[in-house]
file query.json (JSON, C-alpha atoms)
[["chain", "number", "residue", "atom", "x", "y", "z"],
["J", 45, "MET", "CA", 23.28, 15.26, -26.12],
["J", 46, "ASP", "CA", 24.34, 12.43, -23.77],
["J", 47, "THR", "CA", 23.53, 14.57, -20.73],
["J", 48, "LEU", "CA", 20.08, 15.31, -22.10],
["J", 49, "ASP", "CA", 19.45, 11.61, -22.82],
["J", 50, "THR", "CA", 20.64, 10.68, -19.33],
["J", 51, "LEU", "CA", 18.38, 13.30, -17.75],
["J", 52, "ARG", "CA", 15.44, 12.17, -19.88],
["J", 53, "THR", "CA", 16.10, 8.52, -18.94],
["J", 54, "ARG", "CA", 16.26, 9.35, -15.23],
["J", 55, "LYS", "CA", 13.04, 11.38, -15.45],
["J", 56, "LYS", "CA", 11.25, 8.51, -17.19],
["J", 57, "ALA", "CA", 12.50, 6.04, -14.59],
["J", 58, "ALA", "CA", 11.33, 8.34, -11.78],
["J", 59, "THR", "CA", 7.86, 8.68, -13.35],
["J", 60, "ARG", "CA", 7.61, 4.92, -13.85],
["J", 61, "GLN", "CA", 8.61, 4.34, -10.21],
["J", 62, "SER", "CA", 6.13, 6.97, -8.96],
["J", 63, "LEU", "CA", 3.31, 5.35, -10.92],
["J", 64, "HIS", "CA", 4.26, 1.93, -9.53],
["J", 65, "GLU", "CA", 4.37, 3.20, -5.95],
["J", 66, "ALA", "CA", 1.04, 5.01, -6.30],
["J", 67, "ALA", "CA", -0.61, 1.94, -7.84],
["J", 68, "LEU", "CA", 0.66, -0.29, -5.07],
["J", 69, "ARG", "CA", -0.28, 2.12, -2.27],
["J", 70, "LEU", "CA", -3.78, 2.76, -3.63],
["J", 71, "ALA", "CA", -4.43, -0.95, -4.25],
["J", 72, "MET", "CA", -3.31, -1.82, -0.73],
["J", 73, "GLU", "CA", -5.56, 0.91, 0.70],
["J", 74, "HIS", "CA", -8.66, 0.34, -1.46],
["J", 75, "GLY", "CA", -8.23, -3.13, -2.96],
["J", 76, "LEU", "CA", -7.40, -3.69, -6.59],
["J", 77, "ASP", "CA", -11.01, -3.35, -7.73],
["J", 78, "GLY", "CA", -11.28, -0.02, -5.88],
["J", 79, "VAL", "CA", -8.53, 1.62, -7.93],
["J", 80, "THR", "CA", -8.61, 2.91, -11.50],
["J", 81, "VAL", "CA", -5.83, 3.94, -13.83],
["J", 82, "GLU", "CA", -7.16, 7.50, -13.52],
["J", 83, "ASP", "CA", -6.76, 7.31, -9.71],
["J", 84, "ILE", "CA", -3.14, 6.27, -10.14],
["J", 85, "ALA", "CA", -2.40, 8.95, -12.71],
["J", 86, "ASP", "CA", -4.07, 11.60, -10.52],
["J", 87, "ALA", "CA", -2.04, 10.53, -7.49],
["J", 88, "VAL", "CA", 1.17, 11.15, -9.43],
["J", 89, "GLY", "CA", -0.09, 14.26, -11.20],
["J", 90, "VAL", "CA", 0.11, 12.91, -14.74],
["J", 91, "SER", "CA", -2.45, 12.25, -17.45],
["J", 92, "ARG", "CA", -4.05, 8.92, -18.29],
["J", 93, "ARG", "CA", -2.13, 9.04, -21.54],
["J", 94, "THR", "CA", 1.16, 9.44, -19.68],
["J", 95, "PHE", "CA", 0.27, 6.43, -17.53],
["J", 96, "SER", "CA", -0.31, 4.44, -20.75],
["J", 97, "ASN", "CA", 3.17, 5.37, -21.99],
["J", 98, "TYR", "CA", 4.59, 3.39, -19.06],
["J", 99, "PHE", "CA", 2.11, 0.62, -18.28],
["J", 100, "ALA", "CA", -0.65, -1.20, -20.14],
["J", 101, "ASN", "CA", -2.86, -1.42, -17.03],
["J", 102, "LYS", "CA", -2.89, -1.10, -13.25],
["J", 103, "GLU", "CA", -1.77, -4.71, -12.78],
["J", 104, "ASP", "CA", 1.41, -4.06, -14.74],
["J", 105, "ALA", "CA", 2.05, -0.94, -12.65],
["J", 106, "ILE", "CA", 1.68, -2.95, -9.44],
["J", 107, "LEU", "CA", 4.02, -5.72, -10.62],
["J", 108, "HIS", "CA", 6.68, -3.34, -11.96],
["J", 109, "ALA", "CA", 9.10, -3.73, -9.03],
["J", 110, "ASP", "CA", 8.87, -7.53, -9.18],
["J", 111, "ARG", "CA", 9.72, -7.46, -12.87],
["J", 112, "GLU", "CA", 12.65, -5.14, -12.26],
["J", 113, "ARG", "CA", 13.92, -7.42, -9.49],
["J", 114, "THR", "CA", 13.65, -10.56, -11.60],
["J", 115, "GLY", "CA", 15.42, -8.85, -14.51],
["J", 116, "LEU", "CA", 18.22, -7.87, -12.15],
["J", 117, "LEU", "CA", 18.42, -11.42, -10.81],
["J", 118, "VAL", "CA", 18.87, -12.83, -14.32],
["J", 119, "SER", "CA", 21.58, -10.24, -15.03],
["J", 120, "LEU", "CA", 23.35, -11.08, -11.79],
["J", 121, "VAL", "CA", 23.39, -14.80, -12.67],
["J", 122, "GLU", "CA", 24.78, -13.93, -16.12],
["J", 123, "GLY", "CA", 27.51, -11.87, -14.49],
["J", 124, "ARG", "CA", 28.74, -14.55, -12.09],
["J", 125, "PRO", "CA", 32.22, -15.99, -12.70],
["J", 126, "PRO", "CA", 32.10, -18.67, -15.40],
["J", 127, "ALA", "CA", 33.86, -21.23, -13.18],
["J", 128, "GLU", "CA", 31.04, -21.21, -10.61],
["J", 129, "LYS", "CA", 28.79, -24.23, -10.72],
["J", 130, "PRO", "CA", 25.15, -23.48, -11.59],
["J", 131, "TRP", "CA", 23.71, -23.71, -8.07],
["J", 132, "GLN", "CA", 26.58, -21.66, -6.64],
["J", 133, "ALA", "CA", 25.98, -18.97, -9.27],
["J", 134, "LEU", "CA", 22.25, -18.87, -8.51],
["J", 135, "ARG", "CA", 22.84, -18.68, -4.76],
["J", 136, "ALA", "CA", 25.51, -15.97, -5.06],
["J", 137, "ALA", "CA", 23.32, -13.96, -7.45],
["J", 138, "CYS", "CA", 20.51, -14.13, -4.90],
["J", 139, "GLN", "CA", 22.83, -12.77, -2.20],
["J", 140, "ASP", "CA", 23.89, -9.97, -4.56],
["J", 141, "LEU", "CA", 20.23, -9.18, -5.25],
["J", 142, "TYR", "CA", 19.52, -8.71, -1.54],
["J", 143, "ARG", "CA", 22.57, -6.47, -1.18],
["J", 144, "ALA", "CA", 21.33, -4.34, -4.10],
["J", 145, "ASN", "CA", 17.73, -3.98, -2.86],
["J", 146, "PRO", "CA", 16.41, -3.14, 0.59],
["J", 147, "VAL", "CA", 14.53, -5.91, 2.38],
["J", 148, "PRO", "CA", 10.86, -5.05, 2.97],
["J", 149, "ASP", "CA", 9.27, -5.31, 6.40],
["J", 150, "ARG", "CA", 7.00, -8.25, 7.23],
["J", 151, "GLU", "CA", 3.77, -6.27, 7.57],
["J", 152, "TRP", "CA", 4.19, -4.75, 4.11],
["J", 153, "VAL", "CA", 4.94, -8.17, 2.59],
["J", 154, "ALA", "CA", 1.88, -9.69, 4.30],
["J", 155, "GLN", "CA", -0.37, -6.95, 2.88],
["J", 156, "LEU", "CA", 1.19, -7.39, -0.53],
["J", 157, "ARG", "CA", 0.59, -11.14, -0.44],
["J", 158, "LEU", "CA", -3.10, -10.55, 0.26],
["J", 159, "LEU", "CA", -3.32, -8.10, -2.63],
["J", 160, "ARG", "CA", -1.59, -10.51, -4.98],
["J", 161, "ARG", "CA", -4.27, -13.12, -4.49],
["J", 162, "HIS", "CA", -6.46, -11.08, -6.80],
["J", 163, "PRO", "CA", -7.26, -13.15, -9.91],
["J", 164, "SER", "CA", -6.06, -10.54, -12.41],
["J", 165, "LEU", "CA", -2.69, -10.33, -10.65],
["J", 166, "LEU", "CA", -2.34, -14.09, -10.19],
["J", 167, "ALA", "CA", -2.49, -14.70, -13.93],
["J", 168, "ARG", "CA", 0.20, -12.10, -14.63],
["J", 169, "GLN", "CA", 2.37, -13.39, -11.78],
["J", 170, "ALA", "CA", 2.20, -16.92, -13.17],
["J", 171, "GLY", "CA", 3.25, -15.62, -16.57],
["J", 172, "ASP", "CA", 6.11, -13.68, -14.99],
["J", 173, "GLN", "CA", 7.30, -16.79, -13.14],
["J", 174, "PHE", "CA", 7.30, -18.82, -16.37],
["J", 175, "ALA", "CA", 9.26, -16.05, -18.09],
["J", 176, "LEU", "CA", 11.77, -15.90, -15.23],
["J", 177, "GLU", "CA", 12.22, -19.66, -15.28],
["J", 178, "ARG", "CA", 12.72, -19.59, -19.06],
["J", 179, "ASP", "CA", 15.30, -16.79, -18.73],
["J", 180, "LEU", "CA", 17.18, -18.62, -15.98],
["J", 181, "ILE", "CA", 17.22, -21.81, -18.05],
["J", 182, "ALA", "CA", 18.74, -19.91, -20.98],
["J", 183, "VAL", "CA", 21.41, -18.36, -18.74],
["J", 184, "LEU", "CA", 22.25, -21.71, -17.13],
["J", 185, "LEU", "CA", 22.56, -23.39, -20.52],
["J", 186, "ALA", "CA", 24.79, -20.58, -21.79],
["J", 187, "ARG", "CA", 27.05, -20.98, -18.75],
["J", 188, "GLY", "CA", 27.71, -24.60, -19.70],
["J", 189, "HIS", "CA", 28.89, -26.94, -16.92],
["J", 190, "GLY", "CA", 27.44, -29.94, -18.75],
["J", 191, "LEU", "CA", 23.81, -28.95, -18.21],
["J", 192, "ASP", "CA", 21.32, -30.21, -20.72],
["J", 193, "GLN", "CA", 17.84, -28.74, -21.19],
["J", 194, "GLU", "CA", 16.26, -31.07, -18.64],
["J", 195, "LEU", "CA", 18.81, -30.43, -15.89],
["J", 196, "ALA", "CA", 18.80, -26.67, -16.53],
["J", 197, "ARG", "CA", 14.99, -26.65, -16.24],
["J", 198, "LEU", "CA", 15.11, -28.71, -13.05],
["J", 199, "THR", "CA", 17.77, -26.43, -11.56],
["J", 200, "ALA", "CA", 15.86, -23.23, -12.38],
["J", 201, "ALA", "CA", 12.54, -24.63, -11.10],
["J", 202, "THR", "CA", 14.16, -25.89, -7.90],
["J", 203, "PHE", "CA", 15.83, -22.52, -7.35],
["J", 204, "LEU", "CA", 12.56, -20.61, -7.74],
["J", 205, "ALA", "CA", 10.66, -23.03, -5.48],
["J", 206, "THR", "CA", 13.40, -22.70, -2.86],
["J", 207, "LEU", "CA", 13.24, -18.90, -3.04],
["J", 208, "ARG", "CA", 9.46, -18.99, -2.48],
["J", 209, "THR", "CA", 9.92, -21.38, 0.44],
["J", 210, "GLY", "CA", 12.54, -19.14, 2.02],
["J", 211, "ASN", "CA", 10.29, -16.11, 1.66],
["J", 212, "ILE", "CA", 7.36, -17.92, 3.28],
["J", 213, "LEU", "CA", 9.51, -19.23, 6.13],
["J", 214, "TRP", "CA", 10.76, -15.70, 6.81],
["J", 215, "LEU", "CA", 7.29, -14.18, 6.62],
["J", 216, "GLU", "CA", 5.77, -16.75, 8.96],
["J", 217, "GLY", "CA", 8.79, -17.20, 11.25],
["J", 218, "PRO", "CA", 10.16, -15.34, 14.25],
["J", 219, "ASP", "CA", 11.52, -11.81, 13.81],
["J", 220, "ASP", "CA", 15.09, -12.72, 14.74],
["J", 221, "GLU", "CA", 16.47, -13.78, 11.33],
["J", 222, "PRO", "CA", 16.71, -11.42, 8.33],
["J", 223, "LEU", "CA", 15.17, -12.46, 5.01],
["J", 224, "PRO", "CA", 18.51, -12.80, 3.15],
["J", 225, "ALA", "CA", 19.81, -15.14, 5.86],
["J", 226, "VAL", "CA", 16.68, -17.33, 5.75],
["J", 227, "VAL", "CA", 16.75, -17.57, 1.96],
["J", 228, "ASP", "CA", 20.48, -18.35, 1.88],
["J", 229, "ARG", "CA", 20.07, -21.00, 4.58],
["J", 230, "VAL", "CA", 17.28, -22.69, 2.63],
["J", 231, "LEU", "CA", 19.24, -22.47, -0.63],
["J", 232, "GLY", "CA", 22.19, -24.06, 1.19],
["J", 233, "ARG", "CA", 20.10, -27.09, 2.09],
["J", 234, "VAL", "CA", 19.55, -28.01, -1.56],
["J", 235, "GLN", "CA", 22.18, -30.22, -3.11],
["J", 236, "LEU", "CA", 22.44, -29.69, -6.85],
["J", 237, "ARG", "CA", 25.45, -29.54, -9.09]]
call {"tool": "encode", "arguments": {"input": "query.json", "output": "structure tokens"}}
result
Amino acid sequence: MDTLDTLRTRKKAATRQSLHEAALRLAMEHGLDGVTVEDIADAVGVSRRTFSNYFANKEDAILHADRERTGLLVSLVEGRPPAEKPWQALRAACQDLYRANPVPDREWVAQLRLLRRHPSLLARQAGDQFALERDLIAVLLARGHGLDQELARLTAATFLATLRTGNILWLEGPDDEPLPAVVDRVLGRVQLR
């Protein structure tokens, strides 16, 4: 039974990933308004109903990888050694995240940034960022280190703003420094407890 459940789980994950990749590729090729859920389902060879078992709409399919990455980041912060100070734990978790996921190339990220300026994606992205900040605050508070609600919120918000800054600096900078190095350098410039 466990083998069957594991196989079923892997198959579902593969279908979810295929739908995400098709949604992203089609939206980058045709623009978000030029893609329907049916187009995405057809590209993967599944029904519209199967698509709906995985995602509520095409926007959710496009943002799937981001949501997976942010969930992993929160888990990585939770798993850091308890003795690490909050900022150290966040920075180390970020390094672990880059080791666990391949770094995209600049051209792909630039295209993705253009796509994400679409109003229906912007609203969902903002909601996802609030959820990530809330989750990081909860993890930081659970880790202790004398953080109160205000300091935990400030730490999480500063961390997320620094990540965005590092990503922008990498995207707009010269090709000689890898993304993880840029982000870590920028995180290292912030002095928080």
call {"tool": "residues_around", "arguments": {"input": "query.json", "residues": "Gly232 of chain J", "least_positions_apart": "6", "cutoff": "10 Å", "atoms": "all atoms listed in the file", "output": "number ranges by chain"}}
result
J: 131-132, 135, 206, 226
call {"tool": "residues_around", "arguments": {"input": "query.json", "residues": "Gln169 of chain J", "least_positions_apart": "6", "cutoff": "10 Å", "atoms": "only C-alpha atoms", "output": "mmCIF file with C-alpha atoms, in the coordinates of the input"}}
result
data_model
loop_
_atom_site.group_PDB
_atom_site.id
_atom_site.type_symbol
_atom_site.label_atom_id
_atom_site.label_comp_id
_atom_site.auth_asym_id
_atom_site.auth_seq_id
_atom_site.Cartn_x
_atom_site.Cartn_y
_atom_site.Cartn_z
ATOM 1 C CA GLU J 103 -1.770 -4.710 -12.780
ATOM 2 C CA ASP J 104 1.410 -4.060 -14.740
ATOM 3 C CA LEU J 107 4.020 -5.720 -10.620
ATOM 4 C CA ASP J 110 8.870 -7.530 -9.180
ATOM 5 C CA ARG J 111 9.720 -7.460 -12.870
ATOM 6 C CA ARG J 160 -1.590 -10.510 -4.980
ATOM 7 C CA ARG J 161 -4.270 -13.120 -4.490
ATOM 8 C CA PRO J 163 -7.260 -13.150 -9.910
ATOM 9 C CA ALA J 175 9.260 -16.050 -18.090
#
call {"tool": "residues_around", "arguments": {"input": "query.json", "residues": "Leu141 of chain J", "least_positions_apart": "5", "cutoff": "9 Å", "atoms": "only C-alpha atoms", "output": "PyMOL selection string"}}
result
chain J and resi 113+116-117+120+136
call {"tool": "atom_distance", "arguments": {"input": "query.json", "atom1": "atom CA of Arg92 of chain J", "atom2": "atom CA of Leu63 of chain J"}}
result
11.0 Å
call {"tool": "atom_distance", "arguments": {"input": "query.json", "atom1": "atom CA of Ala58 of chain J", "atom2": "atom CA of Glu177 of chain J"}}
result
28.2 Å
call {"tool": "atom_distance", "arguments": {"input": "query.json", "atom1": "atom CA of Ala201 of chain J", "atom2": "atom CA of Ile181 of chain J"}}
result
8.8 Å
call {"tool": "closest_residue", "arguments": {"input": "query.json", "among": "J:Arg52, J:Lys129, J:Arg143, J:Arg233", "to": "Leu191 of chain J", "atoms": "all atoms listed in the file"}}
result
J:Lys129
call {"tool": "residues_around", "arguments": {"input": "query.json", "residues": "Phe99 of chain J", "least_positions_apart": "2", "cutoff": "12 Å", "atoms": "only C-alpha atoms", "output": "MDAnalysis selection string"}}
result
chainID J and resid 59:64 67 81 84:85 92:97 101:108
call {"tool": "closest_residue", "arguments": {"input": "query.json", "among": "J:Gly123, J:Val230, J:Ala57, J:Arg197", "to": "Leu213 of chain J", "atoms": "all atoms listed in the file"}}
result
J:Val230
